Amino acid sequence: MASKRERGEGVLDSVSGTSVEFKGTPGPFLPTILMMLLWLGSVHFIALVVLVIGILLVLIVIPIDSKNKWGIKLSVGYFPLSMHVEDIKAFDPNEAYVFGYEPHSVWPFGVVALADLTGFMPLKKLKSLPAVFYVPFMRHIWSWCGVTSASWKIFTHLLASGYSCIIVPGGVQEAVYMEHGSEVAFIQNRHGFVRIAMENVKPLVPVFCFGQSDAYKWWKPSGKLYMSFSRAIKFAPIVFWGVLGSPVPFRRPIHVVIGRPIPVEKNTQPTSEEVAQVHAQFVQALKDLFYSQRARAGYPNLELRVV
């Protein structure tokens with residue numbers, strides 16, 4: 001006759017003769033899950049570290065090539081793109097311009113399209129934030145899309161050399177103020193690009209990209225703690241995802257609209273008040289551009305907040 005008795009943390013079930021069967025007793029749910037995560041997670045972590053180190057080693061020998069245009073062609077080819085220029089005759093092919101591009105959104109895809117589609121630009125060159133540009137791997141991707149650093153030194157040098165420059169004044173910090181159902185431009189206190197334009201006597205051009213903010217679904221915490229933390233690190237930690245939860249963005253139509261150039265007077269040492277005055281002209285021009293073109297772009301009820 002079979003007998004059953006407790007032994008240790010399992011059950012020893014004596015079936016017949018010398019044959020026995022041991023049945024384990026399930027442990028507590030949370031501790032066992034934690035143990036599995038520590039055990040198997042460590043294996044995946046080591047594999048991830050090896051993969052990252054391997055990629056960084058490969059990037060050491062891959063050149064930074066801002067003249068390579070294949071990145072632009074691939075990026076432009078992914079999204080259904082259109083560009084509308086309010087007054088093409090207002091642009092001089094022998095002049096260099098400072099394009100103030102908004103919004104940043106999760107990722108400013110439209111700047112690549114703008115560089116590829118603006119045939120009136122004397123030289124096609126993009127600007128990106130240093131914090132993004134100098135991140136390993138991202139630096140290569142941006143350079144293959146024709147982007148270079150947006151440092152003051154490089155920015156000024158390119159303008160002086162006759163390059164038109166596209167910059168996103170709101171930067172990555174703009175994501176802190178993003179809201180679903182509306183657009184935001186974090187430019188109220190961003191005067192640096194205006195000062196550089198004035199010092200180099202280069203016209204300012206407002207640019208807005210409709211549809212870019214729909215390329216990803218995203219979520220970010222709310223509350224004062226998140227806002228304070230994001231401002232302290234000058235970056236907005238957000239969770240975003242695209243097709244099937246991947247980093248691949250949704251293929252949404254993107255409409256880039258370009259306003260009329262705002263001429264600036266020669267002023268190599270503008271005062272803060274003079275910079276603020278020209279900055280106010282740019283902000284108003286951006287608002288006018290947004291509200292005059294939102295219906296054309298397919299967003300007749302979309303609102304813009306300038307913070």
# chains A, B, ... in the order shown; residues from 1 in each chain; ligands from 1

$ residues_around --residues "Gln281 in chain A" --least-positions-apart "3" --cutoff "12 Å" --atoms "only C-alpha atoms" --output "list of chain:residue names"
A:Gln188, A:His191, A:Val194, A:Pro203, A:Leu204, A:Val205, A:Pro206, A:Arg260, A:Pro261, A:Ile262, A:Pro263, A:Val264, A:Glu274, A:Val275, A:Ala276, A:Gln277, A:Val278, A:Gln284, A:Ala285, A:Leu286, A:Lys287, A:Asp288

$ closest_residue --among "A:Lys153, A:His255, A:Arg296, A:Lys266" --to "Ser82 in chain A" --atoms "only C-alpha atoms"
A:His255

$ atom_distance --atom1 "CA of His84 in chain A" --atom2 "CA of Gly242 in chain A"
26.5 Å
